[in-house]
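Text of target_24.cif (mmCIF, C-alpha atoms and all ligand atoms) as supplied:
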data_input
#
loop_
_atom_site.label_atom_id
_atom_site.label_comp_id
_atom_site.auth_asym_id
_atom_site.auth_seq_id
_atom_site.Cartn_x
_atom_site.Cartn_y
_atom_site.Cartn_z
CA MET V 1 -18.84 62.32 -97.40
CA ALA V 2 -19.23 61.96 -93.66
CA ARG V 3 -20.32 64.23 -90.87
CA LEU V 4 -17.69 64.35 -88.13
CA VAL V 5 -17.36 65.92 -84.71
CA LEU V 6 -13.70 66.34 -83.72
CA LYS V 7 -12.72 67.36 -80.19
CA PHE V 8 -9.30 68.68 -79.21
CA GLY V 9 -8.32 68.81 -75.52
CA GLY V 10 -6.28 71.34 -73.56
CA THR V 11 -2.77 70.10 -74.40
CA SER V 12 -3.70 69.87 -78.08
CA VAL V 13 -4.56 73.59 -78.10
CA GLY V 14 -1.89 74.54 -75.52
CA ASP V 15 -0.45 77.40 -77.58
CA VAL V 16 -0.95 79.05 -80.97
CA ALA V 17 1.55 76.76 -82.71
CA ARG V 18 -0.41 73.74 -81.48
CA ILE V 19 -3.70 75.30 -82.55
CA ARG V 20 -2.15 75.66 -85.99
CA ARG V 21 -1.32 71.94 -85.91
CA VAL V 22 -4.93 71.22 -85.01
CA ALA V 23 -6.00 73.26 -88.04
CA GLU V 24 -3.58 71.19 -90.15
CA ARG V 25 -5.34 68.04 -88.88
CA VAL V 26 -8.76 69.45 -89.77
CA LYS V 27 -7.88 70.78 -93.23
CA PRO V 28 -7.43 67.45 -95.09
CA LEU V 29 -10.75 66.22 -93.68
CA TYR V 30 -12.44 69.41 -94.87
CA ASP V 31 -10.73 69.17 -98.25
CA ALA V 32 -12.01 65.58 -98.55
CA GLY V 33 -15.54 67.00 -98.42
CA HIS V 34 -16.61 66.06 -94.89
CA GLU V 35 -18.93 68.21 -92.80
CA ILE V 36 -17.00 69.11 -89.68
CA ALA V 37 -17.75 70.53 -86.26
CA VAL V 38 -14.65 70.97 -84.11
CA VAL V 39 -15.08 71.23 -80.33
CA VAL V 40 -12.18 72.70 -78.40
CA SER V 41 -11.13 72.98 -74.76
CA ALA V 42 -9.32 75.90 -73.20
CA MET V 43 -5.51 75.98 -73.48
CA ALA V 44 -3.95 73.55 -70.96
CA GLY V 45 -3.77 75.19 -67.53
CA THR V 46 -6.13 78.05 -68.38
CA THR V 47 -9.22 76.63 -66.69
CA ASN V 48 -7.21 75.86 -63.52
CA GLN V 49 -5.99 79.45 -63.51
CA LEU V 50 -9.52 80.80 -63.96
CA VAL V 51 -10.84 78.60 -61.14
CA ALA V 52 -8.01 79.88 -58.92
CA TYR V 53 -8.98 83.49 -59.72
CA THR V 54 -12.56 82.92 -58.56
CA ARG V 55 -11.29 81.40 -55.30
CA GLU V 56 -8.89 84.27 -54.80
CA ALA V 57 -11.73 86.74 -55.32
CA ALA V 58 -13.85 84.99 -52.68
CA LEU V 59 -13.65 81.43 -51.39
CA ILE V 60 -17.43 81.10 -51.32
CA HIS V 61 -18.92 82.71 -54.43
CA ASP V 62 -21.89 82.87 -56.78
CA ALA V 63 -21.74 79.77 -59.00
CA ARG V 64 -23.21 81.75 -61.93
CA GLU V 65 -20.29 84.17 -61.81
CA TYR V 66 -17.87 81.23 -61.44
CA ASP V 67 -19.28 79.91 -64.71
CA THR V 68 -18.93 83.31 -66.40
CA VAL V 69 -15.24 83.30 -65.49
CA VAL V 70 -14.24 79.68 -66.14
CA ALA V 71 -16.07 79.44 -69.49
CA ALA V 72 -13.78 82.18 -70.81
CA GLY V 73 -10.88 79.86 -71.70
CA GLU V 74 -12.81 78.19 -74.52
CA GLN V 75 -13.76 81.58 -76.02
CA ILE V 76 -10.09 82.21 -76.76
CA THR V 77 -9.37 78.83 -78.37
CA VAL V 78 -12.44 78.76 -80.65
CA GLY V 79 -11.54 82.16 -82.05
CA LEU V 80 -7.88 81.26 -82.53
CA LEU V 81 -8.70 77.97 -84.27
CA ALA V 82 -11.16 79.70 -86.60
CA ILE V 83 -8.42 82.23 -87.48
CA CYS V 84 -5.85 79.46 -88.14
CA LEU V 85 -8.33 77.56 -90.33
CA GLN V 86 -9.22 80.69 -92.30
CA ASP V 87 -5.51 81.35 -92.75
CA MET V 88 -5.28 77.92 -94.45
CA GLU V 89 -8.15 78.73 -96.80
CA VAL V 90 -10.61 76.69 -94.77
CA PRO V 91 -13.80 78.70 -94.23
CA ALA V 92 -14.62 78.47 -90.54
CA ARG V 93 -16.40 80.35 -87.79
CA SER V 94 -16.48 80.11 -84.03
CA PHE V 95 -19.55 79.50 -81.84
CA LEU V 96 -19.99 79.93 -78.11
CA GLY V 97 -22.52 77.71 -76.35
CA TRP V 98 -25.25 80.35 -76.24
CA GLN V 99 -24.91 81.15 -79.95
CA ILE V 100 -25.94 77.65 -81.05
CA PRO V 101 -27.59 77.35 -78.48
CA ILE V 102 -26.56 74.34 -76.42
CA HIS V 103 -29.21 74.31 -73.70
CA ALA V 104 -28.03 73.24 -70.25
CA SER V 105 -29.53 72.84 -66.80
CA ASN V 106 -28.91 75.62 -64.31
CA VAL V 107 -26.81 73.54 -61.91
CA HIS V 108 -23.95 75.98 -62.36
CA GLY V 109 -20.50 74.40 -62.36
CA ALA V 110 -21.92 70.91 -63.04
CA ALA V 111 -24.66 71.54 -65.60
CA ARG V 112 -26.10 68.85 -67.86
CA ILE V 113 -26.71 69.36 -71.54
CA GLU V 114 -30.48 69.22 -72.03
CA SER V 115 -30.84 69.81 -75.76
CA ILE V 116 -29.00 71.28 -78.72
CA GLU V 117 -30.62 73.33 -81.46
CA THR V 118 -29.05 72.23 -84.72
CA GLU V 119 -30.35 74.83 -87.23
CA THR V 120 -27.37 77.20 -86.85
CA LEU V 121 -24.83 74.45 -87.37
CA GLU V 122 -26.78 72.90 -90.24
CA ALA V 123 -26.72 76.33 -91.92
CA CYS V 124 -22.98 76.57 -91.28
CA PHE V 125 -22.43 73.18 -92.98
CA ALA V 126 -24.73 74.17 -95.83
CA GLN V 127 -22.48 77.19 -96.44
CA GLY V 128 -19.52 74.82 -96.64
CA ARG V 129 -17.97 76.06 -93.42
CA VAL V 130 -16.29 74.33 -90.51
CA ALA V 131 -18.05 75.07 -87.20
CA VAL V 132 -15.65 75.62 -84.31
CA VAL V 133 -17.60 75.14 -81.08
CA ALA V 134 -16.60 76.05 -77.53
CA GLY V 135 -16.64 72.96 -75.33
CA PHE V 136 -17.54 72.86 -71.62
CA GLN V 137 -20.33 75.46 -71.84
CA GLY V 138 -24.02 75.88 -72.48
CA LEU V 139 -26.87 78.31 -72.02
CA ALA V 140 -28.72 77.60 -68.76
CA ASP V 141 -32.48 78.02 -68.53
CA ASP V 142 -31.88 81.00 -66.22
CA GLY V 143 -30.36 82.77 -69.23
CA ARG V 144 -26.80 82.52 -67.90
CA ILE V 145 -23.71 80.66 -69.08
CA ALA V 146 -23.34 77.25 -67.45
CA THR V 147 -20.28 74.97 -67.42
CA LEU V 148 -20.45 71.19 -67.52
CA GLY V 149 -17.93 70.16 -64.85
CA ARG V 150 -14.21 69.62 -65.34
CA GLY V 151 -13.35 67.71 -68.49
CA GLY V 152 -16.77 68.67 -69.87
CA SER V 153 -15.66 69.35 -73.44
CA ASP V 154 -15.79 65.60 -74.08
CA THR V 155 -19.47 65.74 -73.23
CA SER V 156 -20.01 68.77 -75.46
CA ALA V 157 -18.50 66.83 -78.36
CA VAL V 158 -20.50 63.65 -77.83
CA ALA V 159 -23.75 65.60 -77.31
CA LEU V 160 -23.09 67.53 -80.50
CA ALA V 161 -22.36 64.30 -82.40
CA ALA V 162 -25.66 62.85 -81.16
CA ALA V 163 -27.67 65.97 -82.02
CA LEU V 164 -26.08 66.32 -85.47
CA LYS V 165 -26.34 62.57 -86.12
CA ALA V 166 -22.65 62.58 -86.90
CA ASP V 167 -21.00 59.49 -88.30
CA ARG V 168 -18.28 59.61 -85.62
CA CYS V 169 -17.00 61.59 -82.69
CA ASP V 170 -13.21 61.70 -82.61
CA ILE V 171 -11.67 62.76 -79.30
CA TYR V 172 -8.12 63.96 -79.98
CA THR V 173 -5.91 64.10 -76.91
CA ASP V 174 -2.31 63.84 -75.66
CA VAL V 175 -2.18 60.01 -75.56
CA THR V 176 -2.73 57.65 -78.49
CA GLY V 177 -5.93 56.08 -77.13
CA VAL V 178 -7.44 54.41 -74.09
CA PHE V 179 -4.83 52.30 -72.32
CA THR V 180 -5.09 49.39 -69.88
CA THR V 181 -4.20 51.99 -67.25
CA ASP V 182 -2.89 55.56 -67.18
CA PRO V 183 0.28 55.32 -69.32
CA ARG V 184 1.82 58.06 -67.18
CA VAL V 185 1.76 55.75 -64.17
CA GLU V 186 2.52 52.40 -65.82
CA ALA V 187 4.90 52.52 -68.77
CA LYS V 188 3.88 48.96 -69.66
CA ALA V 189 0.24 50.03 -70.21
CA ARG V 190 -1.12 48.81 -73.56
CA LYS V 191 -3.34 50.71 -75.92
CA LEU V 192 -6.71 49.02 -76.40
CA ASP V 193 -8.01 48.81 -79.98
CA ARG V 194 -11.54 48.64 -78.65
CA ILE V 195 -13.27 49.05 -75.33
CA THR V 196 -16.97 48.59 -74.54
CA TYR V 197 -19.12 51.55 -73.48
CA GLU V 198 -19.72 49.87 -70.14
CA GLU V 199 -16.03 49.34 -69.43
CA MET V 200 -15.20 52.87 -70.53
CA LEU V 201 -17.97 54.18 -68.28
CA GLU V 202 -16.49 52.35 -65.28
CA MET V 203 -12.94 53.38 -66.21
CA ALA V 204 -13.99 57.02 -66.43
CA SER V 205 -16.10 57.03 -63.29
CA GLN V 206 -13.32 55.28 -61.36
CA GLY V 207 -10.85 58.00 -62.25
CA ALA V 208 -9.42 57.51 -65.79
CA LYS V 209 -9.82 61.09 -66.95
CA VAL V 210 -9.21 60.36 -70.64
CA LEU V 211 -12.99 60.76 -71.16
CA GLN V 212 -15.43 62.59 -68.88
CA THR V 213 -17.84 60.05 -67.38
CA ARG V 214 -20.92 61.85 -68.65
CA SER V 215 -19.64 61.83 -72.21
CA VAL V 216 -19.43 58.03 -72.14
CA ALA V 217 -22.92 57.70 -70.65
CA MET V 218 -24.23 59.95 -73.38
CA ALA V 219 -22.39 58.06 -76.15
CA MET V 220 -23.83 54.81 -74.81
CA ALA V 221 -27.37 56.17 -74.62
CA HIS V 222 -27.29 57.60 -78.14
CA GLY V 223 -25.07 54.99 -79.79
CA VAL V 224 -22.45 57.59 -80.76
CA ARG V 225 -19.30 56.01 -82.24
CA VAL V 226 -16.45 57.48 -80.23
CA GLN V 227 -12.79 57.19 -81.10
CA VAL V 228 -9.99 58.37 -78.78
CA LEU V 229 -6.77 59.21 -80.60
CA SER V 230 -3.67 61.39 -80.53
CA THR V 231 -3.44 64.91 -81.90
CA PHE V 232 0.28 64.52 -82.33
CA ALA V 233 0.81 60.96 -83.62
CA ASP V 234 -0.65 59.59 -86.82
CA GLU V 235 -1.91 56.22 -85.62
CA PRO V 236 -5.26 54.57 -85.04
CA GLY V 237 -6.76 55.17 -81.62
CA THR V 238 -9.26 53.29 -79.48
CA LEU V 239 -12.86 52.74 -80.55
CA VAL V 240 -15.54 52.73 -77.87
CA VAL V 241 -18.07 50.14 -79.02
CA SER V 242 -20.95 47.98 -77.86
CA GLU V 243 -20.22 44.56 -76.42
CA GLU V 244 -21.34 42.68 -79.55
CA GLU V 245 -18.55 44.32 -81.50
CA ILE V 246 -15.85 42.74 -79.35
CA VAL V 247 -15.05 39.22 -80.39
CA GLU V 248 -13.16 38.05 -77.33
CA ASN V 249 -13.54 39.74 -73.99
CA GLN V 250 -10.61 40.11 -71.66
CA ILE V 251 -11.58 39.20 -68.11
CA VAL V 252 -9.97 42.42 -66.93
CA SER V 253 -9.45 45.17 -69.50
CA GLY V 254 -8.17 47.98 -67.34
CA ILE V 255 -7.09 49.41 -64.01
CA ALA V 256 -8.28 52.86 -62.95
CA PHE V 257 -7.47 54.91 -59.89
CA SER V 258 -8.92 57.97 -58.28
CA ARG V 259 -6.86 60.17 -56.00
CA GLY V 260 -9.60 62.63 -55.03
CA GLU V 261 -11.06 60.45 -52.27
CA ALA V 262 -11.39 60.84 -48.52
CA LYS V 263 -12.27 58.28 -45.86
CA ILE V 264 -14.42 58.89 -42.78
CA THR V 265 -14.97 56.43 -39.92
CA VAL V 266 -17.77 56.99 -37.44
CA VAL V 267 -16.69 55.04 -34.36
CA ASN V 268 -19.19 53.32 -32.07
CA LEU V 269 -22.33 54.40 -33.86
CA GLU V 270 -25.38 53.08 -31.98
CA ASP V 271 -26.40 49.78 -33.57
CA ARG V 272 -30.14 50.33 -34.00
CA PRO V 273 -32.54 50.52 -36.95
CA GLY V 274 -32.31 53.94 -38.59
CA ALA V 275 -28.82 54.82 -37.33
CA VAL V 276 -27.15 54.52 -40.73
CA SER V 277 -30.00 56.34 -42.40
CA ALA V 278 -29.68 59.19 -39.87
CA LEU V 279 -25.96 59.35 -40.65
CA PHE V 280 -26.26 59.53 -44.44
CA LYS V 281 -29.43 61.59 -44.81
CA PRO V 282 -27.85 64.96 -43.94
CA LEU V 283 -24.97 64.22 -46.34
CA ALA V 284 -27.42 63.49 -49.17
CA GLY V 285 -29.27 66.69 -48.29
CA GLU V 286 -26.05 68.61 -48.90
CA HIS V 287 -25.39 66.73 -52.19
CA ILE V 288 -22.31 65.04 -50.73
CA ASN V 289 -21.71 61.91 -52.72
CA VAL V 290 -21.02 58.88 -50.52
CA ASP V 291 -19.30 56.15 -52.49
CA MET V 292 -17.83 53.09 -50.73
CA ILE V 293 -19.37 52.00 -47.41
CA VAL V 294 -18.41 49.32 -44.90
CA GLN V 295 -19.99 48.64 -41.52
CA SER V 296 -18.33 46.48 -38.87
CA ALA V 297 -20.27 45.35 -35.80
CA SER V 298 -18.63 45.50 -32.42
CA ASP V 299 -18.41 42.55 -30.03
CA ASP V 300 -21.14 43.81 -27.69
CA GLY V 301 -23.63 44.24 -30.55
CA ALA V 302 -24.64 47.66 -29.20
CA SER V 303 -22.54 49.75 -31.55
CA ALA V 304 -20.87 49.55 -34.97
CA ASP V 305 -18.12 51.40 -36.83
CA VAL V 306 -19.15 52.78 -40.21
CA THR V 307 -16.43 53.68 -42.71
CA PHE V 308 -17.22 55.39 -45.99
CA THR V 309 -15.70 57.60 -48.67
CA VAL V 310 -16.64 61.03 -49.99
CA PRO V 311 -14.91 63.21 -52.60
CA GLU V 312 -11.89 64.84 -50.95
CA ASP V 313 -13.22 68.33 -51.67
CA SER V 314 -16.37 67.51 -49.65
CA LEU V 315 -14.45 66.14 -46.64
CA SER V 316 -14.53 69.20 -44.41
CA ARG V 317 -18.24 69.83 -45.08
CA ALA V 318 -19.07 66.18 -44.40
CA VAL V 319 -17.12 66.15 -41.12
CA GLU V 320 -18.77 69.38 -39.95
CA LEU V 321 -22.22 68.02 -40.77
CA ILE V 322 -21.68 64.75 -38.92
CA GLN V 323 -20.20 66.55 -35.90
CA SER V 324 -23.23 68.81 -35.81
CA HIS V 325 -25.48 65.71 -35.51
CA LYS V 326 -23.29 64.03 -32.88
CA ASP V 327 -25.88 64.09 -30.09
CA SER V 328 -28.70 62.58 -32.10
CA LEU V 329 -26.47 60.04 -33.87
CA GLY V 330 -24.75 58.84 -30.71
CA PHE V 331 -21.19 57.92 -31.73
CA SER V 332 -17.98 58.17 -29.74
CA ASP V 333 -15.44 59.37 -32.27
CA LEU V 334 -14.93 60.56 -35.85
CA VAL V 335 -11.72 59.65 -37.70
CA TYR V 336 -10.97 60.94 -41.20
CA THR V 337 -8.21 61.28 -43.80
CA GLY V 338 -7.73 62.47 -47.37
CA ASP V 339 -4.65 60.30 -47.77
CA VAL V 340 -6.40 57.49 -49.61
CA VAL V 341 -6.84 56.39 -53.20
CA LYS V 342 -9.41 54.12 -54.83
CA VAL V 343 -7.98 51.54 -57.22
CA SER V 344 -10.36 49.58 -59.46
CA VAL V 345 -10.04 46.64 -61.83
CA ILE V 346 -12.58 46.67 -64.62
CA GLY V 347 -13.74 44.17 -67.23
CA VAL V 348 -16.98 42.84 -68.70
CA GLY V 349 -15.44 39.34 -68.64
CA MET V 350 -15.89 39.41 -64.83
CA ARG V 351 -19.54 38.56 -65.30
CA SER V 352 -18.65 35.07 -66.36
CA HIS V 353 -15.40 34.49 -64.47
CA ALA V 354 -14.85 33.90 -60.77
CA GLY V 355 -11.69 34.76 -58.87
CA VAL V 356 -11.05 38.29 -60.10
CA ALA V 357 -11.41 39.81 -56.63
CA SER V 358 -9.30 37.17 -54.91
CA THR V 359 -6.47 37.72 -57.41
CA MET V 360 -6.63 41.41 -56.54
CA PHE V 361 -6.58 40.87 -52.78
CA GLU V 362 -3.75 38.35 -53.02
CA ALA V 363 -1.58 40.56 -55.24
CA LEU V 364 -2.01 43.54 -52.91
CA ALA V 365 -1.37 41.42 -49.82
CA GLU V 366 1.89 40.17 -51.29
CA LYS V 367 3.07 43.77 -51.50
CA GLY V 368 1.93 44.47 -47.93
CA ILE V 369 -0.79 46.89 -49.08
CA ASN V 370 -3.66 47.13 -46.61
CA ILE V 371 -7.22 47.44 -47.94
CA HIS V 372 -9.56 49.78 -46.02
CA VAL V 373 -12.81 49.41 -47.95
CA ILE V 374 -13.99 47.22 -50.84
CA SER V 375 -16.84 47.76 -53.27
CA THR V 376 -17.92 45.78 -56.31
CA SER V 377 -20.24 45.97 -59.26
CA GLU V 378 -20.93 43.43 -61.96
CA ILE V 379 -17.87 44.50 -63.94
CA LYS V 380 -15.50 46.08 -61.40
CA VAL V 381 -13.84 45.59 -58.03
CA SER V 382 -12.58 48.66 -56.18
CA VAL V 383 -10.41 48.92 -53.10
CA LEU V 384 -9.48 51.89 -50.97
CA ILE V 385 -5.82 51.98 -49.94
CA ASN V 386 -3.31 54.52 -48.58
CA SER V 387 -2.32 56.95 -51.32
CA GLU V 388 1.42 56.29 -50.87
CA TYR V 389 0.81 52.88 -52.49
CA THR V 390 -0.98 54.19 -55.62
CA GLU V 391 1.73 53.48 -58.19
CA LEU V 392 2.79 50.21 -56.57
CA ALA V 393 -0.82 48.95 -56.48
CA VAL V 394 -1.57 49.97 -60.08
CA ARG V 395 1.59 48.32 -61.42
CA THR V 396 1.14 45.20 -59.30
CA LEU V 397 -2.43 44.69 -60.48
CA HIS V 398 -1.55 45.52 -64.08
CA SER V 399 0.89 42.68 -64.14
CA ALA V 400 -1.22 40.33 -61.95
CA TYR V 401 -3.97 40.40 -64.61
CA GLY V 402 -1.51 39.91 -67.46
CA LEU V 403 -2.03 43.39 -68.90
CA ASP V 404 1.63 44.37 -69.25
CA ALA V 405 2.77 45.10 -72.77
CA PRO V 406 5.35 42.59 -73.92
CA SER V 407 8.83 43.88 -73.18
CA ARG V 408 11.06 44.99 -76.03
CA ILE V 409 13.14 41.81 -75.69
CA ALA V 410 10.00 39.65 -76.03
CA ASP V 411 9.01 41.71 -79.06
CA VAL V 412 12.38 41.07 -80.64
CA GLU V 413 12.26 37.34 -79.82
CA GLU V 414 8.80 37.09 -81.34
CA ALA V 415 9.94 38.92 -84.44
CA ILE V 416 12.93 36.56 -84.83
CA ALA V 417 10.73 33.45 -84.36
P1 LIG K 501 -7.59 66.44 -72.74
O1 LIG K 501 -6.98 67.71 -72.25
O2 LIG K 501 -7.21 66.11 -74.14
O3 LIG K 501 -9.06 66.37 -72.48
P2 LIG K 501 -7.09 64.81 -70.40
O4 LIG K 501 -5.89 65.25 -69.62
O5 LIG K 501 -8.42 65.20 -69.89
O6 LIG K 501 -6.88 65.27 -71.90
O7 LIG K 501 -7.08 63.22 -70.57
C1 LIG K 501 -5.95 62.58 -71.11
C2 LIG K 501 -5.11 61.99 -69.97
O8 LIG K 501 -5.83 60.93 -69.33
C3 LIG K 501 -3.83 61.33 -70.42
O9 LIG K 501 -2.80 62.26 -70.56
C4 LIG K 501 -3.58 60.29 -69.33
O10 LIG K 501 -2.58 60.69 -68.41
C5 LIG K 501 -4.91 60.19 -68.59
N1 LIG K 501 -5.39 58.82 -68.46
C6 LIG K 501 -5.81 58.25 -67.30
N2 LIG K 501 -6.16 56.99 -67.49
C7 LIG K 501 -5.98 56.71 -68.80
C8 LIG K 501 -6.16 55.54 -69.61
N3 LIG K 501 -6.63 54.41 -69.10
N4 LIG K 501 -5.85 55.62 -70.93
C9 LIG K 501 -5.39 56.77 -71.47
N5 LIG K 501 -5.18 57.90 -70.75
C10 LIG K 501 -5.47 57.89 -69.43
N1 LIG K 502 -11.43 73.42 -70.06
C1 LIG K 502 -12.28 72.56 -69.24
C2 LIG K 502 -11.46 71.90 -68.14
O1 LIG K 502 -10.26 72.11 -68.06
C3 LIG K 502 -13.04 71.57 -70.05
C4 LIG K 502 -12.22 70.53 -70.75
O2 LIG K 502 -11.00 70.69 -70.92
O3 LIG K 502 -12.78 69.51 -71.15
O4 LIG K 502 -12.01 71.20 -67.33
MG MG K 503 -10.17 65.92 -70.75
#

In structure tokens, write the structure found in this file.
Amino acid sequence: MARLVLKFGGTSVGDVARIRRVAERVKPLYDAGHEIAVVVSAMAGTTNQLVAYTREAALIHDAREYDTVVAAGEQITVGLLAICLQDMEVPARSFLGWQIPIHASNVHGAARIESIETETLEACFAQGRVAVVAGFQGLADDGRIATLGRGGSDTSAVALAAALKADRCDIYTDVTGVFTTDPRVEAKARKLDRITYEEMLEMASQGAKVLQTRSVAMAMAHGVRVQVLSTFADEPGTLVVSEEEIVENQIVSGIAFSRGEAKITVVNLEDRPGAVSALFKPLAGEHINVDMIVQSASDDGASADVTFTVPEDSLSRAVELIQSHKDSLGFSDLVYTGDVVKVSVIGVGMRSHAGVASTMFEALAEKGINIHVISTSEIKVSVLINSEYTELAVRTLHSAYGLDAPSRIADVEEAIA
């Protein structure tokens, strides 16, 4: 007997028929005697609709009320799944975040899970029942409902698996696992049998939305065994594991991209100690996350251009802030655009191999794709390019690093040989 946390995403619970299929997936595991907590998202599209309602009501609004509204989608799916399970003779009951409770910080809209009380769920298991838990939500220390940021049900599931000391956390979604890149952009993307926590963390934080970044960080910190697999296909998925569990590392294991970026260039910023600090301090004060940065000195040495990226939804606030400090900062012009995308190549093998970045630059140059900003870490190289080149860049890099799945013809030839 094992203790399992299973999480089903929005597409997997997209309508009642699909919720029934989810129940059919859970039933054999319950019948086999496992203790099961199922975490569900809202039906696909519901959360977007709820977010749109709050904006329609008032563009600037109370984040606590935003959370009250957008957490509602998961209330519907937990109840429906519990009903479908009961209808199949599987005893089950639904839980909202506050009923467990899952304690969260009071940063409404982007709360962190702080702790989970396990007594209620332990009692549920002891009664032989399946616990159906609403993802994406917790009880903030101000006594209000808090949501965990978009895609947050993954984090609910991993946190629950850690708190319950589950044997595994299975993330069921609409693809069959973690691929070398988004299979919706590159048809030749290959499913990975295994990926390290670190690579998955980079993939997620660089834009691969298959797992929420925080869920991977949490899995890594607590050693939760995470598997990503399909709700609809009966095939093994991808295991997220520690580096020791991978026999041979690929140099590059994946390509991620993030469309929600914006680029700002501050032209002719005075080149003096403290100028860059004065530029970024107000942005930090407003919790605007600056990501990639490049500074280029001018010929006269008196001024420099500073280019950097911020999330696209922070662009207008960032521009306003910088403009409001124009006199003290001393720059001549501000140029900005949201028409950019960040493309990243990721792999733990980079630590021990040179030439990964130059392959990237060469492959992009051959396609005439201009690079605006570059940033690197130990296991990734990211470039900022014009968004019109997103697909071309992803496909070019995918094949430049030898990630393409063998074509059908090659498969056939191999089979014949
Ligand atoms: P869910 O609703 O189940 O949480 P998401 O839409 O959040 O599902 O995440 C699954 C999606 O992530 C896939 O449909 C796929 O388009 C996208 N995706 C992006 N990068 C990858 C990748 N490297 N591997 C698999 N899926 C990816
Ligand atoms: N329903 C939430 C969202 O759409 C949480 C999730 O699906 O993980 O962001
Ligand atoms: Mg998701």

List as a JSON list (two decimals) with C-alpha atoms, in the frame of the given file the protein and nucleic acid residues near segment 314-320 of chain V, meaning an atom at most 7 Å away when all atoms listed in the file are counted, but skip any in the same chain fewer than 5 places from it.
[["chain", "number", "residue", "atom", "x", "y", "z"],
["V", 262, "ALA", "CA", -11.39, 60.84, -48.52],
["V", 283, "LEU", "CA", -24.97, 64.22, -46.34],
["V", 288, "ILE", "CA", -22.31, 65.04, -50.73]]

List as a JSON list (two decimals) with C-alpha atoms, in the coordinates of the input the protein and nucleic acid residues near Asp234 of chain V, meaning an atom at most 12 Å away when only C-alpha atoms are counted, but skip any in the same chain fewer than 5 places from it.
[["chain", "number", "residue", "atom", "x", "y", "z"],
["V", 25, "ARG", "CA", -5.34, 68.04, -88.88],
["V", 172, "TYR", "CA", -8.12, 63.96, -79.98],
["V", 175, "VAL", "CA", -2.18, 60.01, -75.56],
["V", 176, "THR", "CA", -2.73, 57.65, -78.49],
["V", 177, "GLY", "CA", -5.93, 56.08, -77.13],
["V", 229, "LEU", "CA", -6.77, 59.21, -80.60]]

What are the nearest atom pairs, with distances in Å to one decimal, for all residues of chain V that come at most 12 Å from ligand LIG 502 (chain K), using only C-alpha atoms and all ligand atoms, set out by chain and rising residue number as CSV?
residue,atom,partner,partner_atom,distance
V:Lys7,CA,K:LIG502,O3,9.3
V:Phe8,CA,K:LIG502,O2,8.7
V:Gly9,CA,K:LIG502,O2,5.6
V:Gly10,CA,K:LIG502,O2,5.4
V:Thr11,CA,K:LIG502,O2,9.0
V:Ser12,CA,K:LIG502,O2,10.3
V:Val13,CA,K:LIG502,O2,10.1
V:Gly14,CA,K:LIG502,O2,10.9
V:Val39,CA,K:LIG502,O3,9.6
V:Val40,CA,K:LIG502,O2,7.8
V:Ser41,CA,K:LIG502,O2,4.5
V:Ala42,CA,K:LIG502,N1,4.5
V:Met43,CA,K:LIG502,N1,7.3
V:Ala44,CA,K:LIG502,O1,7.1
V:Gly45,CA,K:LIG502,O1,7.2
V:Thr46,CA,K:LIG502,N1,7.2
V:Thr47,CA,K:LIG502,O1,4.8
V:Asn48,CA,K:LIG502,O1,6.6
V:Gln49,CA,K:LIG502,O1,9.6
V:Leu50,CA,K:LIG502,O1,9.6
V:Val51,CA,K:LIG502,O1,9.5
V:Asp67,CA,K:LIG502,C1,11.1
V:Val69,CA,K:LIG502,N1,11.5
V:Val70,CA,K:LIG502,N1,7.9
V:Ala71,CA,K:LIG502,N1,7.6
V:Ala72,CA,K:LIG502,N1,9.1
V:Gly73,CA,K:LIG502,N1,6.7
V:Glu74,CA,K:LIG502,N1,6.7
V:Gln75,CA,K:LIG502,N1,10.4
V:Ile76,CA,K:LIG502,N1,11.1
V:Thr77,CA,K:LIG502,N1,10.1
V:Val78,CA,K:LIG502,N1,11.9
V:Gly109,CA,K:LIG502,O4,10.3
V:Ala110,CA,K:LIG502,O4,10.8
V:Ala134,CA,K:LIG502,C3,9.4
V:Gly135,CA,K:LIG502,C3,6.5
V:Phe136,CA,K:LIG502,C3,4.9
V:Gln137,CA,K:LIG502,C3,8.5
V:Thr147,CA,K:LIG502,C3,8.4
V:Leu148,CA,K:LIG502,C3,7.8
V:Gly149,CA,K:LIG502,O4,6.5
V:Arg150,CA,K:LIG502,O4,3.4
V:Gly151,CA,K:LIG502,O3,3.3
V:Gly152,CA,K:LIG502,O3,4.3
V:Ser153,CA,K:LIG502,O3,3.7
V:Asp154,CA,K:LIG502,O3,5.7
V:Thr155,CA,K:LIG502,O3,8.0
V:Ser156,CA,K:LIG502,O3,8.4
V:Ala157,CA,K:LIG502,O3,9.6
V:Val158,CA,K:LIG502,O3,11.8
V:Ile171,CA,K:LIG502,O3,10.6
V:Tyr172,CA,K:LIG502,O3,11.4
V:Thr173,CA,K:LIG502,O2,10.3
V:Lys209,CA,K:LIG502,O3,9.9
V:Val210,CA,K:LIG502,O3,9.8
V:Leu211,CA,K:LIG502,O3,8.8
V:Gln212,CA,K:LIG502,O3,7.7
V:Thr213,CA,K:LIG502,O3,11.4
V:Arg214,CA,K:LIG502,O3,11.5
V:Ser215,CA,K:LIG502,O3,10.4

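Among the candidate residues V:Ala92, V:Ala162, V:Ala363, V:Val343, the one lying nearest to Gly207 of chain V is V:Val343, with distances computed using all atoms listed in the file.
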
Can you report as JSON the centre and edge lengths in Å, to one decimal, of an axis-aligned box around the listed atoms of ligand LIG 501 (chain K) padded with 5 Å on each side?
{"center_x": -5.8, "center_y": 61.1, "center_z": -70.7, "size_x": 16.5, "size_y": 23.3, "size_z": 16.8}
